[in-house]
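> What follows is my_file_28.txt, made up of compact mmCIF, C-alpha atoms and all ligand atoms:
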```txt
# COMPACT_ATOMS: atom_id res chain seq x y z
CA MET O 46 0.00 0.00 0.00
CA LYS O 47 1.31 3.44 -0.91
CA ASN O 48 1.43 5.81 2.01
CA PHE O 49 3.70 8.77 1.33
CA ASP O 50 2.43 10.62 4.43
CA SER O 51 3.60 7.97 6.83
CA ALA O 52 6.00 9.33 9.47
CA VAL O 53 8.40 6.47 8.86
CA THR O 54 9.39 5.55 5.31
CA TYR O 55 11.91 3.15 3.87
CA ALA O 56 14.30 6.05 3.22
CA SER O 57 13.85 7.74 6.58
CA TYR O 58 14.14 4.53 8.62
CA LEU O 59 17.27 3.36 6.81
CA LYS O 60 18.68 6.85 6.26
CA VAL O 61 19.18 5.93 2.63
CA ASN O 62 19.97 9.46 1.47
CA GLU O 63 22.68 9.87 4.10
CA LEU O 64 24.06 6.42 3.32
CA LEU O 65 24.26 7.09 -0.41
CA SER O 66 25.99 10.41 0.15
CA LEU O 67 28.92 8.74 1.92
CA GLN O 68 30.91 7.57 -1.12
CA SER O 69 33.40 10.24 -2.11
CA PRO O 70 35.97 9.08 -4.65
CA ARG O 71 39.19 11.12 -4.32
CA SER O 72 40.18 10.86 -7.96
CA SER O 73 39.14 13.81 -10.07
CA GLY O 74 37.99 11.56 -12.99
CA PRO O 75 36.74 9.86 -10.93
CA GLU O 76 38.55 6.63 -11.77
CA HIS O 77 35.80 4.17 -12.47
CA ASP O 78 36.90 1.45 -10.00
CA GLU O 79 37.29 3.69 -6.98
CA MET O 80 33.54 3.54 -6.34
CA LEU O 81 33.69 -0.25 -6.03
CA PHE O 82 36.70 0.01 -3.73
CA ILE O 83 34.87 2.41 -1.42
CA VAL O 84 31.57 0.53 -1.39
CA VAL O 85 33.24 -2.82 -0.65
CA HIS O 86 35.22 -1.37 2.26
CA GLN O 87 32.18 0.42 3.65
CA THR O 88 30.19 -2.80 3.43
CA TYR O 89 32.90 -4.59 5.43
CA GLU O 90 32.73 -1.92 8.11
CA LEU O 91 28.94 -2.36 8.34
CA TRP O 92 29.34 -6.11 8.73
CA PHE O 93 32.08 -5.58 11.35
CA LYS O 94 29.61 -3.39 13.24
CA CYS O 95 27.00 -6.12 13.07
CA VAL O 96 29.45 -8.85 14.13
CA LEU O 97 30.57 -6.79 17.15
CA HIS O 98 26.93 -6.26 18.10
CA GLU O 99 26.20 -10.00 17.83
CA LEU O 100 29.33 -11.06 19.72
CA ALA O 101 28.49 -8.75 22.62
CA ARG O 102 25.10 -10.48 22.82
CA ALA O 103 26.68 -13.93 22.51
CA GLN O 104 29.01 -13.17 25.43
CA GLN O 105 26.10 -12.02 27.62
CA LEU O 106 24.09 -15.15 26.81
CA LEU O 107 27.04 -17.49 27.34
CA GLU O 108 27.74 -15.96 30.71
CA LEU O 109 24.09 -16.56 31.64
CA GLY O 110 24.53 -20.20 30.57
CA ASP O 111 21.80 -19.82 27.91
CA THR O 112 22.58 -22.42 25.23
CA HIS O 113 19.43 -22.09 23.16
CA SER O 114 19.70 -18.33 22.70
CA SER O 115 23.46 -18.14 22.20
CA LEU O 116 23.75 -20.90 19.57
CA PRO O 117 21.80 -19.01 16.86
CA VAL O 118 23.73 -15.82 17.59
CA LEU O 119 27.05 -17.59 17.07
CA GLY O 120 25.57 -19.27 13.98
CA ARG O 121 24.70 -15.83 12.62
CA VAL O 122 28.26 -14.61 13.15
CA ARG O 123 29.57 -17.67 11.33
CA THR O 124 27.25 -16.92 8.39
CA ILE O 125 28.35 -13.26 8.26
CA PHE O 126 31.96 -14.45 8.13
CA LYS O 127 31.09 -16.53 5.07
CA VAL O 128 29.79 -13.36 3.40
CA LEU O 129 32.93 -11.47 4.45
CA VAL O 130 35.06 -14.12 2.77
CA SER O 131 32.97 -14.33 -0.41
CA GLN O 132 32.91 -10.54 -0.84
CA VAL O 133 36.61 -10.70 -1.70
CA ASP O 134 35.53 -12.09 -5.10
CA ILE O 135 33.91 -8.77 -5.95
CA LEU O 136 37.00 -6.67 -5.32
CA GLU O 137 39.11 -9.20 -7.19
CA THR O 138 37.34 -8.16 -10.39
CA MET O 139 39.54 -5.04 -10.17
CA THR O 140 42.87 -5.48 -11.98
CA PRO O 141 46.24 -4.14 -10.73
CA LEU O 142 46.14 -1.42 -13.40
CA GLN O 143 42.66 -0.34 -12.38
CA PHE O 144 43.71 -0.16 -8.71
CA ASN O 145 46.87 1.73 -9.59
CA SER O 146 44.81 4.38 -11.37
CA PHE O 147 43.75 5.75 -7.96
CA ARG O 148 46.05 4.04 -5.40
CA ASP O 149 48.20 7.16 -4.84
CA ARG O 150 45.16 9.06 -3.68
CA LEU O 151 44.80 6.74 -0.68
CA GLU O 152 48.04 8.27 0.68
CA ALA O 153 48.79 6.42 3.96
CA ALA O 154 45.20 5.17 4.45
CA SER O 155 45.05 1.41 4.95
CA GLY O 156 42.82 -1.35 6.34
CA PHE O 157 45.53 -1.53 8.97
CA GLN O 158 43.77 1.46 10.56
CA SER O 159 40.35 -0.21 10.75
CA VAL O 160 39.32 0.34 14.36
CA GLN O 161 36.41 -2.09 14.18
CA PHE O 162 38.69 -4.83 12.84
CA ARG O 163 41.08 -4.30 15.79
CA GLU O 164 38.12 -4.30 18.16
CA LEU O 165 36.89 -7.54 16.60
CA GLU O 166 40.31 -9.13 17.02
CA ALA O 167 40.31 -8.01 20.66
CA VAL O 168 36.82 -9.40 21.33
CA LEU O 169 38.04 -12.67 19.80
CA GLY O 170 40.98 -12.66 22.21
CA ARG O 171 43.90 -10.84 20.58
CA ARG O 172 45.91 -8.91 23.14
CA ASP O 173 48.58 -7.23 21.04
CA LYS O 174 49.20 -3.85 22.65
CA SER O 175 51.11 -2.58 19.62
CA MET O 176 47.75 -2.53 17.78
CA VAL O 177 46.52 0.08 20.28
CA ASP O 178 49.68 2.14 19.80
CA HIS O 179 48.86 2.47 16.07
CA LEU O 180 45.68 4.38 16.91
CA GLU O 181 45.58 8.06 17.84
CA PRO O 182 46.53 8.43 21.53
CA ASN O 183 43.55 8.93 23.89
CA SER O 184 41.11 9.05 20.99
CA GLU O 185 37.70 7.40 21.32
CA PRO O 186 38.70 4.62 18.85
CA GLN O 187 41.85 3.88 20.84
CA GLN O 188 39.84 3.69 24.06
CA ARG O 189 37.32 1.36 22.42
CA VAL O 190 40.00 -1.11 21.36
CA GLN O 191 41.79 -0.82 24.71
CA SER O 192 38.59 -1.47 26.62
CA ALA O 193 37.89 -4.56 24.46
CA MET O 194 41.40 -5.79 25.32
CA ASN O 195 40.77 -5.35 29.04
CA ARG O 196 37.50 -7.22 29.32
CA PRO O 197 36.87 -10.97 29.00
CA ALA O 198 37.20 -12.20 25.40
CA LEU O 199 34.71 -14.53 23.72
CA PHE O 200 36.61 -17.64 24.85
CA ASP O 201 36.55 -16.40 28.47
CA SER O 202 32.76 -16.28 28.22
CA VAL O 203 32.81 -19.82 26.84
CA ILE O 204 34.94 -20.96 29.80
CA SER O 205 32.44 -19.38 32.16
CA TYR O 206 29.55 -21.07 30.26
CA LEU O 207 31.25 -24.46 30.52
CA THR O 208 32.04 -23.97 34.22
CA LYS O 209 28.32 -23.27 34.84
CA ARG O 210 27.55 -26.61 33.19
CA GLY O 211 29.86 -28.42 35.61
CA HIS O 212 32.94 -28.74 33.41
CA LYS O 213 36.06 -28.24 35.51
CA MET O 214 38.36 -25.43 34.45
CA PRO O 215 41.74 -24.47 35.98
CA VAL O 216 41.71 -21.47 38.31
CA ALA O 217 44.68 -20.05 36.40
CA VAL O 218 42.24 -19.63 33.51
CA THR O 219 39.01 -18.66 35.27
CA ALA O 220 40.81 -16.05 37.40
CA ARG O 221 43.22 -14.89 34.74
CA ASP O 222 44.09 -11.28 33.92
CA PHE O 223 41.85 -10.65 30.89
CA SER O 224 44.16 -7.98 29.53
CA GLU O 225 46.85 -10.63 28.92
CA GLN O 226 46.96 -12.96 25.91
CA TYR O 227 45.26 -16.29 26.62
CA GLU O 228 47.66 -19.19 26.16
CA ALA O 229 46.62 -22.72 25.12
CA ASN O 230 46.11 -24.83 28.22
CA GLU O 231 46.20 -28.64 28.50
CA GLU O 232 43.75 -28.79 31.41
CA VAL O 233 41.27 -26.77 29.38
CA GLN O 234 41.80 -29.15 26.48
CA GLU O 235 41.08 -32.11 28.78
CA SER O 236 37.86 -30.45 29.85
CA LEU O 237 36.91 -29.65 26.23
CA ALA O 238 37.51 -33.29 25.29
CA ASN O 239 35.09 -34.35 28.04
CA THR O 240 32.60 -31.77 26.83
CA TYR O 241 32.72 -33.20 23.32
CA ARG O 242 32.24 -36.70 24.70
CA ASN O 243 29.52 -36.06 27.29
CA ASP O 244 27.75 -32.77 26.63
CA PRO O 245 26.35 -32.60 23.07
CA GLU O 246 24.66 -29.22 23.60
CA ALA O 247 27.88 -27.53 24.67
CA ALA O 248 29.72 -29.43 21.91
CA MET O 249 27.46 -27.70 19.35
CA MET O 250 28.56 -24.39 20.84
CA LEU O 251 32.21 -25.33 20.45
CA GLU O 252 31.61 -26.20 16.80
CA ARG O 253 30.18 -22.73 16.14
CA LEU O 254 33.33 -21.27 17.68
CA ILE O 255 35.62 -23.27 15.47
CA ASP O 256 33.50 -22.16 12.48
CA ILE O 257 34.19 -18.54 13.46
CA ASP O 258 37.90 -19.21 13.97
CA GLU O 259 38.13 -20.88 10.57
CA GLY O 260 36.11 -18.03 9.05
CA LEU O 261 38.58 -15.40 10.24
CA GLN O 262 41.51 -17.48 9.01
CA GLU O 263 39.82 -17.90 5.63
CA TRP O 264 39.25 -14.15 5.40
CA ARG O 265 42.94 -13.49 6.14
CA TYR O 266 43.99 -15.96 3.47
CA ARG O 267 41.64 -14.51 0.83
CA HIS O 268 42.72 -10.98 1.76
CA VAL O 269 46.43 -11.76 1.38
CA LYS O 270 45.81 -13.43 -2.00
CA MET O 271 43.74 -10.45 -3.13
CA VAL O 272 46.56 -8.15 -2.04
CA GLU O 273 49.18 -10.26 -3.84
CA ARG O 274 47.23 -10.34 -7.10
CA THR O 275 46.49 -6.61 -6.93
CA ILE O 276 49.81 -5.09 -5.77
CA GLY O 277 52.23 -8.04 -5.97
CA MET O 278 55.01 -7.74 -3.38
CA LYS O 279 54.87 -3.93 -3.15
CA HIS O 280 54.68 -2.23 0.26
CA GLY O 281 51.23 -1.37 1.65
CA THR O 282 49.85 2.15 1.84
CA GLY O 283 49.88 1.63 5.63
CA GLY O 284 53.67 1.26 5.51
CA SER O 285 53.98 -2.49 6.08
CA SER O 286 55.81 -4.89 3.76
CA GLY O 287 52.37 -5.70 2.26
CA ALA O 288 51.63 -9.31 1.29
CA ALA O 289 54.70 -10.51 3.24
CA TYR O 290 53.41 -8.91 6.47
CA LEU O 291 49.90 -10.23 5.86
CA ALA O 292 51.23 -13.75 5.25
CA SER O 293 52.73 -13.64 8.76
CA THR O 294 49.18 -13.33 10.17
CA LEU O 295 47.99 -16.57 8.53
CA PHE O 296 47.24 -19.89 10.25
CA LYS O 297 47.10 -18.35 13.72
CA PRO O 298 44.12 -19.91 15.48
CA THR O 299 41.81 -17.76 17.56
CA PHE O 300 40.89 -20.62 19.90
CA PRO O 301 44.05 -22.79 20.04
CA ASP O 302 42.60 -25.30 22.54
CA LEU O 303 39.75 -26.10 20.18
CA TRP O 304 42.22 -27.11 17.47
CA ALA O 305 44.54 -28.98 19.85
CA VAL O 306 41.73 -31.06 21.31
CA ARG O 307 41.02 -32.65 17.93
CA SER O 308 44.18 -34.76 18.09
CA ARG O 309 42.89 -36.43 21.25
CA PHE O 310 40.02 -38.34 19.67
C1 LIG G 1 42.65 -4.12 -3.54
C2 LIG G 1 42.25 -4.37 -2.33
C3 LIG G 1 43.13 -4.32 -1.11
C4 LIG G 1 44.47 -4.14 -1.01
C5 LIG G 1 45.50 -3.96 -2.14
C6 LIG G 1 44.80 -4.19 0.39
C7 LIG G 1 46.07 -4.06 0.89
C8 LIG G 1 46.41 -4.20 2.22
C9 LIG G 1 47.77 -4.16 2.72
C10 LIG G 1 49.02 -4.03 1.87
C11 LIG G 1 47.69 -4.32 4.07
C12 LIG G 1 48.86 -4.33 5.06
C13 LIG G 1 48.95 -3.02 5.79
C14 LIG G 1 49.53 -1.92 4.92
O1 LIG G 1 50.75 -1.79 4.84
O2 LIG G 1 48.74 -1.17 4.32
C15 LIG G 1 46.29 -4.45 4.43
C16 LIG G 1 45.82 -4.62 5.70
C17 LIG G 1 44.50 -4.74 6.01
N1 LIG G 1 43.42 -4.65 5.13
FE1 LIG G 1 43.53 -4.57 3.14
N2 LIG G 1 43.66 -4.41 1.12
C18 LIG G 1 42.61 -4.49 0.25
C19 LIG G 1 41.28 -4.66 0.57
C20 LIG G 1 40.78 -4.75 1.85
C21 LIG G 1 39.39 -4.86 2.19
C22 LIG G 1 38.22 -4.95 1.22
C23 LIG G 1 39.32 -4.86 3.53
C24 LIG G 1 38.06 -4.93 4.30
C25 LIG G 1 37.87 -4.28 5.40
C26 LIG G 1 40.67 -4.77 4.06
C27 LIG G 1 41.01 -4.74 5.38
C28 LIG G 1 42.29 -4.80 5.85
C29 LIG G 1 42.61 -4.98 7.25
C30 LIG G 1 41.63 -5.17 8.39
C31 LIG G 1 44.00 -4.96 7.34
C32 LIG G 1 44.83 -5.18 8.60
C33 LIG G 1 45.19 -6.67 8.65
C34 LIG G 1 46.11 -7.04 9.79
O3 LIG G 1 46.89 -6.21 10.29
O4 LIG G 1 46.10 -8.24 10.16
N3 LIG G 1 41.53 -4.70 2.99
N4 LIG G 1 45.53 -4.37 3.27
```
Could the structure of this file be written out as structure tokens, please?
Ligand code: HEM


Amino acid sequence: MKNFDSAVTYASYLKVNELLSLQSPRSSGPEHDEMLFIVVHQTYELWFKCVLHELARAQQLLELGDTHSSLPVLGRVRTIFKVLVSQVDILETMTPLQFNSFRDRLEAASGFQSVQFRELEAVLGRRDKSMVDHLEPNSEPQQRVQSAMNRPALFDSVISYLTKRGHKMPVAVTARDFSEQYEANEEVQESLANTYRNDPEAAMMLERLIDIDEGLQEWRYRHVKMVERTIGMKHGTGGSSGAAYLASTLFKPTFPDLWAVRSRF
């Protein structure tokens, strides 16, 4: 039904006009492919926002011990990761020459500066303080990432969920300093093995987590290949060695215990 007088419309609810005014190619042409480059990056940022929103909810639910509500939330995050990985295909339709037509205009801008990506890494457990040092001192983004690094990460919430279900966890882990990097722990692995054997509901939860871990690793792999095919072995606009630096981030699990436990069965 057409109702143009309605207080809320599609455009007003979604702020479509504002959204569509946010793509500002820097090239004077503008170079045709810069629009795609901007839209793809903006889309990633929107999905990062959504993932952070979902993970905050997942942590709350896990800490309450609520299996039935947290499983679909983690399943949603896994599905968003699949979209994040497949979106790389779109940007890969841009050739090195097309990218080079506007690359200089990016100056020192780089995905390296994505605050939401650093926050996501922190929520997933990364505690690399040098990542905070790359952000403007005392800025709101820096504080956001720092605060994510200080509070319990997703795996800490999982530990608390499992403890509530009667799975024994070492005190060194339950009472750990959340601002420090979590290290793989054999006692935790023992407990996870028992969970897989005796607690199918919690085991489903663990499978969603490994999906998310694999999803992030897949994204990193697709990103480094996209970088390699687009700029070869040139340095990044963010000042790193480019594909060589990105390759050093590959195959690092988010939840190391969940991978280690697989060799026990
Ligand atoms: C043609 C496309 C792309 C190229 C050539 C490219 C290039 C690079 C390079 C060289 C780096 C290393 C840091 C630097 O020195 O700049 C980097 C990091 C990064 N890029 Fe991209 N990128 C592309 C697309 C994307 C897209 C679509 C995203 C989505 C958000 C993204 C997100 C990131 C993130 C989050 C990092 C930091 C990774 C880390 O430190 O582990 N990039 N990119």

> Excluding same-chain residues fewer than 2 positions from stretch 238-242 of chain O, what lies within 12 Å of it counting only C-alpha atoms, as a PyMOL selection string?

chain O and resi 203-204+206-208+210-214+231-236+244-252+302-310

> Report as a PyMOL selection string which protein, DNA and RNA residues come within 6 Å of ligand LIG 1 (chain G), using all atoms listed in the file.

chain O and resi 85-86+89+155-157+159+162+272+275-276+281-285+287-288+294

> Applying 7 Å and only C-alpha atoms, which residues near stretch 168-175 of chain O remain after dropping the ones on its own chain fewer than 5 positions away? List them as number ranges by chain.

O: 193-194, 198-199, 224-226, 299

> Looking at O:Asp201, O:Glu185, O:Glu166, O:Glu273, which one is nearest to O:Ile257, with distances taken over only C-alpha atoms?

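Using only C-alpha atoms, O:Ile257 sits closest to O:Glu166.
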
> From the set O:Val53, O:Val269, O:Ile83, O:Leu237, which residue has the shortest atom-to-atom contact distance to O:Arg71, counting all atoms listed in the file?

O:Ile83

> Write out as an NGL selection string the residues lying within 8 Å of O:Leu136, counting all atoms listed in the file and excluding same-chain residues fewer than 4 positions away.

:O and (81-82 or 85 or 132)

> Would you save the residues from that selection as a PDB file, in the coordinates of the input, using C-alpha atoms?


```pdb
ATOM      1  CA  LEU O  81      33.690  -0.250  -6.030  1.00  0.00           C
ATOM      2  CA  PHE O  82      36.700   0.010  -3.730  1.00  0.00           C
ATOM      3  CA  VAL O  85      33.240  -2.820  -0.650  1.00  0.00           C
ATOM      4  CA  GLN O 132      32.910 -10.540  -0.840  1.00  0.00           C
TER       5      GLN O 132
END
```

> Name all residues at most 12 Å from O:Thr88 (count only C-alpha atoms; drop same-chain ones fewer than 4 positions away) and give them as an NGL selection string.

:O and (64 or 67-68 or 81-84 or 92-95 or 125 or 128-129 or 132-133 or 135-136)

> Write the residues of the preceding selection, restricted to C-alpha atoms, as a PDB file, in the frame of the given file.


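Once everything was written out, this is selection-v5.pdb:
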```pdb
ATOM      1  CA  LEU O  64      24.060   6.420   3.320  1.00  0.00           C
ATOM      2  CA  LEU O  67      28.920   8.740   1.920  1.00  0.00           C
ATOM      3  CA  GLN O  68      30.910   7.570  -1.120  1.00  0.00           C
ATOM      4  CA  LEU O  81      33.690  -0.250  -6.030  1.00  0.00           C
ATOM      5  CA  PHE O  82      36.700   0.010  -3.730  1.00  0.00           C
ATOM      6  CA  ILE O  83      34.870   2.410  -1.420  1.00  0.00           C
ATOM      7  CA  VAL O  84      31.570   0.530  -1.390  1.00  0.00           C
ATOM      8  CA  TRP O  92      29.340  -6.110   8.730  1.00  0.00           C
ATOM      9  CA  PHE O  93      32.080  -5.580  11.350  1.00  0.00           C
ATOM     10  CA  LYS O  94      29.610  -3.390  13.240  1.00  0.00           C
ATOM     11  CA  CYS O  95      27.000  -6.120  13.070  1.00  0.00           C
ATOM     12  CA  ILE O 125      28.350 -13.260   8.260  1.00  0.00           C
ATOM     13  CA  VAL O 128      29.790 -13.360   3.400  1.00  0.00           C
ATOM     14  CA  LEU O 129      32.930 -11.470   4.450  1.00  0.00           C
ATOM     15  CA  GLN O 132      32.910 -10.540  -0.840  1.00  0.00           C
ATOM     16  CA  VAL O 133      36.610 -10.700  -1.700  1.00  0.00           C
ATOM     17  CA  ILE O 135      33.910  -8.770  -5.950  1.00  0.00           C
ATOM     18  CA  LEU O 136      37.000  -6.670  -5.320  1.00  0.00           C
TER      19      LEU O 136
END
```

> Using only C-alpha atoms, which residue out of O:Arg121, O:Arg274, O:Lys127, O:Arg150 lies closest to O:Glu76?

O:Arg150

> Could you tell me how far atom CA of O:Val216 sits from atom CA of O:Ser115, in Å to one decimal place?

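Taking atom CA of O:Ser115 and atom CA of O:Val216, their separation equals 24.6 Å.
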
> Taking into account only C-alpha atoms, which residue in the set O:Glu228, O:Ser205, O:Asp258, O:Leu97 is nearest to O:Gly110?

O:Ser205

> Distance atom CA of O:Arg196-atom CA of O:Asn230, one decimal place?

19.6 Å

> What's the separation between atom CA of O:Gln158 and atom CA of O:Gly74, in Å to one decimal place?

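Calculated distance between atom CA of O:Gln158 and atom CA of O:Gly74 is 26.3 Å.
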
> Is it possible to get the axis-aligned box enclosing stretch 258-264 of chain O (all listed atoms, 3 Å extra per side) as AutoDock Vina command-line options, with centre and edge lengths in Å rounded to one decimal?


```
--center_x 38.8 --center_y -17.5 --center_z 9.7 --size_x 11.4 --size_y 12.7 --size_z 14.6
```

> From the set O:Arg102, O:Ser293, O:His77, O:Val160, which residue has the shortest atom-to-atom contact distance to O:Glu181, counting all atoms listed in the file?

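Result for the nearest residue to O:Glu181: O:Val160.
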